[in-house]
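What follows is entry.txt (compact mmCIF, C-alpha atoms).
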# COMPACT_ATOMS: atom_id res chain seq x y z
CA MET A 206 11.49 38.72 18.16
CA THR A 207 7.78 37.79 18.01
CA ALA A 208 5.42 40.72 17.46
CA PRO A 209 3.01 41.46 20.32
CA LYS A 210 -0.59 40.40 19.68
CA VAL A 211 -3.24 42.84 20.87
CA ALA A 212 -6.78 41.50 21.21
CA TYR A 213 -9.11 44.51 21.07
CA VAL A 214 -12.25 43.39 22.91
CA ILE A 215 -15.37 45.48 22.36
CA ASN A 216 -19.00 45.07 23.38
CA SER A 217 -20.39 45.15 19.86
CA LEU A 218 -19.98 46.48 16.35
CA GLU A 219 -22.73 49.04 16.86
CA GLY A 220 -22.05 52.30 15.05
CA GLY A 221 -21.35 54.47 18.07
CA GLY A 222 -18.55 56.65 19.37
CA ALA A 223 -16.59 53.73 20.86
CA ALA A 224 -16.57 51.49 17.77
CA LEU A 225 -16.16 53.97 14.92
CA PRO A 226 -12.61 55.11 15.90
CA VAL A 227 -11.34 51.51 16.14
CA PRO A 228 -9.61 51.49 12.70
CA ALA A 229 -7.65 54.64 13.59
CA ILE A 230 -6.72 53.35 17.05
CA LEU A 231 -5.59 49.98 15.80
CA GLY A 232 -3.79 51.64 12.90
CA VAL A 233 -1.52 53.32 15.46
CA LEU A 234 -0.88 50.02 17.26
CA ARG A 235 -0.11 48.29 13.98
CA GLY A 236 2.28 51.10 13.15
CA CYS A 237 4.05 50.31 16.42
CA GLY A 238 4.63 46.73 15.22
CA ALA A 239 1.76 44.97 16.98
CA GLU A 240 -0.56 42.42 15.42
CA VAL A 241 -4.18 43.27 16.20
CA ARG A 242 -7.47 41.39 16.24
CA VAL A 243 -10.94 42.70 17.07
CA LEU A 244 -13.08 40.45 19.30
CA ALA A 245 -16.72 41.64 19.38
CA LEU A 246 -18.88 40.12 22.10
CA THR A 247 -22.02 40.58 20.00
CA ARG A 248 -22.92 41.97 16.59
CA ARG A 249 -25.82 44.41 17.24
CA ASP A 250 -26.41 46.71 14.22
CA ALA A 251 -22.86 46.15 12.82
CA ARG A 252 -22.73 49.68 11.43
CA ALA A 253 -19.08 49.96 12.48
CA LEU A 254 -18.13 46.78 10.63
CA PRO A 255 -17.65 48.14 7.06
CA ALA A 256 -15.01 50.68 8.17
CA MET A 257 -13.15 47.98 10.11
CA GLU A 258 -13.21 45.64 7.13
CA ALA A 259 -12.06 48.45 4.82
CA ALA A 260 -9.09 48.98 7.15
CA GLY A 261 -8.14 45.33 6.73
CA LEU A 262 -8.70 44.44 10.38
CA ASP A 263 -8.93 40.85 11.55
CA ILE A 264 -12.37 40.59 13.20
CA ARG A 265 -14.04 37.83 15.19
CA ILE A 266 -17.71 38.23 16.11
CA ARG A 267 -19.44 36.12 18.74
CA GLU A 268 -22.92 35.03 17.73
CA GLY A 269 -24.47 35.66 21.12
CA GLY A 270 -26.58 38.11 23.05
CA GLU A 271 -25.95 40.89 25.54
CA ALA A 272 -26.78 39.08 28.79
CA ASP A 273 -25.13 35.65 28.38
CA HIS A 274 -22.00 36.72 30.24
CA LEU A 275 -20.75 33.24 31.13
CA ALA A 276 -20.93 32.11 27.50
CA ALA A 277 -19.19 35.33 26.45
CA ALA A 278 -16.41 34.72 28.98
CA ARG A 279 -15.87 31.17 27.67
CA TRP A 280 -15.75 32.39 24.07
CA LEU A 281 -13.36 35.21 24.93
CA THR A 282 -11.04 32.86 26.84
CA GLN A 283 -10.94 30.44 23.92
CA GLU A 284 -10.27 33.17 21.35
CA LEU A 285 -7.45 34.71 23.41
CA ARG A 286 -5.77 31.37 24.02
CA GLU A 287 -6.07 30.06 20.47
CA TRP A 288 -4.56 33.26 19.07
CA ASN A 289 -1.90 33.43 21.81
CA ALA A 290 -2.76 37.07 22.59
CA THR A 291 -0.07 38.93 24.51
CA HIS A 292 -2.25 41.93 25.43
CA MET A 293 -5.96 42.56 25.87
CA TRP A 294 -7.35 46.04 25.21
CA THR A 295 -10.98 46.40 26.30
CA SER A 296 -13.62 48.92 25.27
CA LEU A 297 -16.93 49.64 27.03
CA SER A 298 -18.29 48.19 30.26
CA ARG A 299 -19.14 44.60 29.44
CA ALA A 300 -15.87 43.96 27.61
CA THR A 301 -13.89 45.68 30.36
CA ILE A 302 -15.51 43.77 33.22
CA LEU A 303 -15.06 40.42 31.46
CA GLY A 304 -11.47 41.30 30.59
CA LEU A 305 -10.61 42.23 34.17
CA LEU A 306 -12.32 39.12 35.54
CA LEU A 307 -10.31 36.90 33.17
CA ALA A 308 -6.98 38.72 33.62
CA PRO A 309 -5.56 36.57 36.46
CA LYS A 310 -6.53 33.35 34.68
CA LEU A 311 -4.98 34.38 31.37
CA SER A 312 -1.90 36.14 32.77
CA ILE A 313 -1.81 38.83 30.10
CA PRO A 314 -1.90 42.59 30.71
CA VAL A 315 -5.21 44.38 30.25
CA ILE A 316 -5.51 47.95 28.99
CA SER A 317 -9.00 49.37 29.48
CA TRP A 318 -10.65 52.26 27.69
CA GLN A 319 -13.10 54.52 29.45
CA HIS A 320 -15.51 56.25 27.05
CA ASN A 321 -18.67 56.77 29.03
CA ALA A 322 -19.75 59.84 30.93
CA PHE A 323 -22.43 57.62 32.46
CA LEU A 324 -22.04 54.13 33.92
CA LYS A 325 -24.74 51.96 35.46
CA PRO A 326 -24.26 51.84 39.24
CA TRP A 327 -23.57 48.08 39.26
CA ASN A 328 -20.97 48.39 36.50
CA THR A 329 -19.30 51.23 38.38
CA ARG A 330 -19.05 49.14 41.55
CA LEU A 331 -17.67 46.14 39.67
CA MET A 332 -15.05 48.13 37.80
CA ARG A 333 -14.00 49.93 40.95
CA LEU A 334 -13.46 46.55 42.64
CA LEU A 335 -11.50 45.22 39.66
CA GLN A 336 -9.66 48.37 38.59
CA LYS A 337 -6.29 47.29 40.01
CA ARG A 338 -6.22 44.36 37.59
CA ALA A 339 -5.80 46.71 34.62
CA ALA A 340 -2.22 47.45 33.69
CA LEU A 341 -3.41 50.82 32.40
CA TRP A 342 -6.63 52.80 32.03
CA VAL A 343 -7.04 55.05 29.00
CA ALA A 344 -9.66 57.81 28.95
CA ASP A 345 -10.96 59.07 25.62
CA SER A 346 -11.09 62.71 26.80
CA ARG A 347 -10.14 65.01 29.64
CA SER A 348 -13.62 64.93 31.12
CA VAL A 349 -13.73 61.13 31.13
CA ALA A 350 -10.23 61.02 32.68
CA ASP A 351 -11.53 63.11 35.58
CA LEU A 352 -14.56 60.84 35.95
CA THR A 353 -12.40 57.70 35.82
CA ALA A 354 -10.13 58.96 38.58
CA LYS A 355 -13.09 59.89 40.79
CA ARG A 356 -15.52 57.04 40.32
CA LEU A 357 -13.10 54.13 39.78
CA LYS A 358 -10.36 55.46 42.09
CA VAL A 359 -7.70 54.98 39.42
CA PRO A 360 -4.44 56.69 40.49
CA PRO A 361 -2.73 59.14 38.10
CA ASP A 362 0.20 56.78 37.40
CA ARG A 363 -2.18 54.22 35.86
CA LEU A 364 -4.36 56.62 33.88
CA GLU A 365 -3.63 58.09 30.45
CA THR A 366 -5.75 60.27 28.16
CA TRP A 367 -5.95 59.57 24.43
CA PRO A 368 -8.63 61.65 22.66
CA ILE A 369 -10.30 59.32 20.20
CA TYR A 370 -10.52 61.83 17.39
CA ALA A 371 -8.10 62.82 14.64
CA ALA A 372 -9.45 65.68 12.52
CA ASP A 373 -9.48 64.96 8.80
CA PRO A 374 -8.31 68.02 6.82
CA THR A 375 -10.00 66.61 3.69
CA MET A 376 -13.42 66.43 5.32
CA PRO A 377 -16.21 68.01 3.20
CA GLN A 378 -16.84 71.56 4.34
CA ALA A 379 -20.17 73.16 5.09
CA ARG A 380 -21.02 75.95 2.66
CA PRO A 381 -21.71 79.31 4.34
CA TRP A 382 -25.32 80.44 4.48
CA GLN A 383 -26.35 82.74 1.63
CA LEU A 384 -29.03 85.40 1.69
CA GLY A 385 -32.31 83.93 0.48
CA GLU A 386 -31.53 80.41 1.75
CA THR A 387 -33.34 78.55 4.48
CA LEU A 388 -31.00 78.31 7.47
CA ARG A 389 -30.31 74.62 8.10
CA LEU A 390 -29.67 73.40 11.64
CA GLY A 391 -29.00 69.78 12.48
CA SER A 392 -27.75 67.12 14.83
CA LEU A 393 -26.42 63.57 14.60
CA GLY A 394 -27.22 61.13 17.38
CA ARG A 395 -29.23 58.28 18.78
CA LEU A 396 -32.73 59.15 19.86
CA ASN A 397 -32.31 58.47 23.57
CA PRO A 398 -32.49 60.65 26.70
CA ALA A 399 -28.71 61.22 26.88
CA LYS A 400 -28.80 63.31 23.70
CA GLY A 401 -31.30 65.83 25.10
CA TYR A 402 -33.48 66.18 22.03
CA ASP A 403 -36.51 66.65 24.27
CA ILE A 404 -34.73 69.71 25.70
CA LEU A 405 -34.25 71.01 22.15
CA ILE A 406 -37.96 70.59 21.43
CA GLU A 407 -38.84 72.45 24.63
CA ALA A 408 -36.43 75.27 23.71
CA LEU A 409 -37.93 75.60 20.22
CA ALA A 410 -41.41 75.58 21.74
CA LEU A 411 -40.37 78.33 24.17
CA LEU A 412 -39.11 80.54 21.34
CA GLN A 413 -42.37 79.95 19.52
CA ALA A 414 -44.43 80.77 22.62
CA GLU A 415 -42.46 83.97 23.14
CA GLY A 416 -43.29 85.05 19.59
CA PHE A 417 -39.70 85.02 18.36
CA THR A 418 -39.53 85.38 14.58
CA PRO A 419 -36.04 84.97 13.10
CA PRO A 420 -35.05 87.17 10.16
CA VAL A 421 -34.78 84.14 7.86
CA PRO A 422 -36.68 80.84 7.69
CA PHE A 423 -34.96 77.87 9.33
CA GLU A 424 -35.35 74.12 9.67
CA VAL A 425 -33.87 71.56 12.04
CA ALA A 426 -32.96 68.00 10.98
CA ILE A 427 -32.03 65.28 13.47
CA ALA A 428 -30.34 62.29 11.85
CA GLY A 429 -30.51 59.19 13.99
CA ASP A 430 -32.75 56.43 15.25
CA GLY A 431 -33.46 54.96 18.64
CA ALA A 432 -35.96 54.12 21.36
CA GLN A 433 -37.28 57.68 21.71
CA SER A 434 -38.23 58.07 18.05
CA LYS A 435 -42.03 57.95 18.46
CA GLN A 436 -41.98 59.88 21.74
CA LEU A 437 -39.93 62.76 20.33
CA SER A 438 -41.95 62.95 17.12
CA ALA A 439 -45.17 63.12 19.14
CA MET A 440 -43.67 65.76 21.42
CA ALA A 441 -42.72 67.95 18.45
CA ARG A 442 -46.17 67.56 16.86
CA SER A 443 -47.89 68.40 20.13
CA ALA A 444 -45.78 71.57 20.44
CA GLY A 445 -46.63 72.54 16.86
CA ILE A 446 -42.99 72.72 15.78
CA GLU A 447 -43.16 72.28 12.02
CA ALA A 448 -39.52 73.20 11.36
CA LEU A 449 -38.18 70.08 13.14
CA HIS A 450 -37.68 66.87 11.14
CA PHE A 451 -36.46 63.44 12.25
CA THR A 452 -34.69 62.10 9.18
CA GLY A 453 -33.59 58.69 10.52
CA TYR A 454 -30.19 57.05 10.48
CA THR A 455 -27.74 58.36 7.88
CA ALA A 456 -25.02 56.20 6.39
CA ASP A 457 -23.14 59.33 5.28
CA PRO A 458 -22.81 61.67 8.29
CA ARG A 459 -20.20 63.82 6.56
CA ALA A 460 -22.55 64.66 3.71
CA PHE A 461 -25.27 65.43 6.27
CA LEU A 462 -22.98 67.86 8.10
CA ALA A 463 -21.85 69.54 4.88
CA ARG A 464 -25.46 70.55 4.15
CA LEU A 465 -25.88 72.39 7.47
CA HIS A 466 -25.17 75.94 8.60
CA LEU A 467 -25.32 75.31 12.38
CA TYR A 468 -24.87 72.16 14.46
CA LEU A 469 -26.76 71.36 17.69
CA GLN A 470 -25.67 69.05 20.52
CA PRO A 471 -28.08 69.55 23.46
CA SER A 472 -26.84 66.47 25.35
CA ARG A 473 -27.38 65.68 29.00
CA ARG A 474 -24.06 63.86 29.07
CA GLU A 475 -21.21 63.07 26.67
CA GLY A 476 -17.74 61.60 26.70
CA PHE A 477 -15.70 62.83 23.78
CA CYS A 478 -18.66 63.32 21.37
CA ILE A 479 -17.22 62.60 17.93
CA ALA A 480 -20.26 64.02 16.10
CA GLY A 481 -19.83 67.44 17.69
CA HIS A 482 -16.14 67.51 16.81
CA GLU A 483 -16.80 66.38 13.25
CA ALA A 484 -19.22 69.29 12.95
CA LEU A 485 -16.48 71.70 14.06
CA THR A 486 -14.09 70.07 11.55
CA ALA A 487 -16.69 70.64 8.83
CA SER A 488 -16.57 74.40 9.59
CA LEU A 489 -19.86 74.44 11.46
CA PRO A 490 -20.48 76.59 14.51
CA VAL A 491 -21.94 74.52 17.34
CA ILE A 492 -24.50 75.09 20.06
CA ALA A 493 -23.76 72.46 22.72
CA SER A 494 -24.34 71.62 26.35
CA ARG A 495 -21.38 72.12 28.65
CA VAL A 496 -20.68 68.39 28.90
CA GLY A 497 -17.74 66.13 28.09
CA GLU A 498 -14.99 67.31 25.80
CA LEU A 499 -17.33 69.79 24.13
CA ALA A 500 -16.95 71.98 27.21
CA PHE A 501 -13.29 72.43 26.18
CA SER A 502 -13.69 72.55 22.39
CA ILE A 503 -16.56 75.03 22.14
CA ARG A 504 -15.35 78.59 22.73
CA PRO A 505 -18.30 80.94 23.16
CA GLY A 506 -18.14 84.00 20.96
CA ILE A 507 -15.51 82.36 18.74
CA ASN A 508 -16.82 79.06 17.35
CA GLY A 509 -20.19 78.52 19.03
CA TRP A 510 -22.34 78.64 22.15
CA LEU A 511 -22.28 76.64 25.39
CA THR A 512 -25.37 76.10 27.53
CA GLU A 513 -25.90 74.23 30.77
CA PRO A 514 -27.36 70.71 30.29
CA GLU A 515 -31.14 70.43 30.67
CA GLU A 516 -31.47 74.22 30.81
CA VAL A 517 -34.29 74.97 28.36
CA ARG A 518 -34.08 78.76 28.69
CA GLY A 519 -30.32 78.75 28.17
CA LEU A 520 -30.63 76.67 24.99
CA ALA A 521 -33.47 78.89 23.77
CA ALA A 522 -31.31 81.99 24.35
CA ALA A 523 -28.42 80.47 22.37
CA LEU A 524 -30.77 79.55 19.51
CA ARG A 525 -32.26 83.05 19.53
CA ASP A 526 -28.78 84.60 19.37
CA ALA A 527 -27.60 82.34 16.53
CA LEU A 528 -30.79 82.65 14.47
CA SER A 529 -30.91 86.44 14.88
CA ASP A 530 -27.66 86.98 13.01
CA PRO A 531 -27.01 84.17 10.51
CA HIS A 532 -24.31 86.19 8.73
CA ARG A 533 -21.77 85.58 11.54
CA LEU A 534 -22.17 81.79 11.46
CA ALA A 535 -19.60 81.45 8.67
CA ASP A 536 -16.97 83.31 10.73
CA TYR A 537 -17.62 81.03 13.69
CA GLY A 538 -17.37 78.01 11.41
CA ARG A 539 -14.02 79.05 9.95
CA ALA A 540 -12.63 79.57 13.45
CA ALA A 541 -13.92 76.12 14.45
CA HIS A 542 -12.18 74.43 11.52
CA VAL A 543 -8.81 76.04 12.21
CA GLN A 544 -8.96 75.27 15.92
CA ILE A 545 -9.93 71.59 15.53
CA LEU A 546 -7.22 70.88 12.95
CA GLU A 547 -4.71 72.24 15.43
CA ASP A 548 -6.06 70.63 18.61
CA TYR A 549 -6.84 67.21 17.13
CA SER A 550 -4.32 66.72 14.36
CA GLN A 551 -3.48 63.27 13.01
CA THR A 552 0.12 63.79 14.16
CA ARG A 553 -0.95 64.48 17.74
CA PHE A 554 -3.31 61.48 17.69
CA GLU A 555 -0.53 59.14 16.59
CA GLN A 556 2.05 60.57 18.97
CA THR A 557 -0.29 60.12 21.93
CA GLY A 558 -1.14 56.57 20.94
CA ARG A 559 2.51 55.63 20.42
CA ALA A 560 3.49 57.03 23.82
CA ILE A 561 0.76 54.96 25.49
CA TRP A 562 1.82 51.83 23.60
CA ASP A 563 5.45 52.39 24.63
CA ARG A 564 4.27 52.29 28.26
CA VAL A 565 2.31 49.10 27.72
CA ALA A 566 4.69 47.20 25.47
If you took the structure in this file and wrote it as structure tokens, what would it be?
Amino acid sequence: MTAPKVAYVINSLEGGGAALPVPAILGVLRGCGAEVRVLALTRRDARALPAMEAAGLDIRIREGGEADHLAAARWLTQELREWNATHMWTSLSRATILGLLLAPKLSIPVISWQHNAFLKPWNTRLMRLLQKRAALWVADSRSVADLTAKRLKVPPDRLETWPIYAADPTMPQARPWQLGETLRLGSLGRLNPAKGYDILIEALALLQAEGFTPPVPFEVAIAGDGAQSKQLSAMARSAGIEALHFTGYTADPRAFLARLHLYLQPSRREGFCIAGHEALTASLPVIASRVGELAFSIRPGINGWLTEPEEVRGLAAALRDALSDPHRLADYGRAAHVQILEDYSQTRFEQTGRAIWDRVA
């Protein structure tokens, strides 16, 4: 019997939350006996490429842009036909829309991921019109499953949830804060409005204006790059916040997390949010907005703090509470580590993926 061939179509090889889990996802499908091939519609920063290559994945990258949709559709059609793909699994809006548009012509089933907590209005309308063409929709988290059902009108019998994170028990662990040390806070993320770093700056400025003086010195490092880089740096300078540093993109996020004592995720919106869950895995307590899967994984008073998105005073209150008693951060971090290894184990990740593949295959 010929093995099924799954073409995993993704917008780009940009190092974001949709591309980085691809080796683990396709590892499950390979374990189920499927051949897999990654078809990237464009390269972008290619930060997800090394991990895919290290996993031995077969990758095809289209040398095109982000707006040449007709050319992308022709390329995708040719790649699928030449490889004799039996299934198409799409990730992110452009790949999903193209996949659903081509589905009748190619006569192969389409499985479509939903990762985003935010979709452009035009993309939402298109996917809602085309949603019946997908054999199955797969949400990367409970929150995104709810959004997919509501905004795309996908019925429960064609919607599955597969959290895109498997906690690594060997992940480097953050060392508890010691008396005499500077308390290190940090965040990983692109510098764009969705991540809410302007809200963090406003919260730090509010604490400063209120005259709050923590019992120990602290610093905040944000590792990432993006369109808001100059704007956020200027905003922090204008507010006189000297403890905040923008350190740029890091190629080793695990090492960055291991140096921290407290992780911050002040996002306006999130889907699963891998960075926040990696922080919990690294035994870091987390202050996060009540968005996406973080609303389920953060347990106030046990492993961190939850605030309402865009609520400056709420974030400032959480920071004040955490900074006022740095000794308890280690207890929160240990609880976070235990919980994440249980909730997002490798075994559970594989079992969920295999069950979804059994439906599709």
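Between CA of Ala521 (chain A) and CA of Leu324 (chain A) there is a distance of 29.1 Å.
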Task: Closest of A:Ala493, A:Ala239, A:Leu311, A:Ala379 to Glu515 (chain A) - atom-to-atom distances counting all atoms listed in the file - done: A:Ala493
- [ ] Have a look at A:Gln378, A:Thr282, A:Asn321, A:Ala223 and name the one nearest to Leu307 (chain A); count all atoms listed in the file.
- [x]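 Nearest to Leu307 (chain A): A:Thr282.
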- [ ] Could you give me, as an NGL selection string, the residues within 12 Å of Gly385 (chain A), counting only C-alpha atoms and dropping anything in the same chain fewer than 6 positions from it?
- [x] :A and (420-423 or 531-532)
- [ ] Find the residue from A:Leu393, A:Ala566, A:Ile404, A:Leu275 that sits nearest to Glu483 (chain A); use all atoms listed in the file when measuring.
- [x] A:Leu393
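Distances from A:Leu409, A:Ala344, A:Val214, A:Ala428 to Arg267 (chain A) were compared using only C-alpha atoms, and the smallest one belongs to A:Val214.
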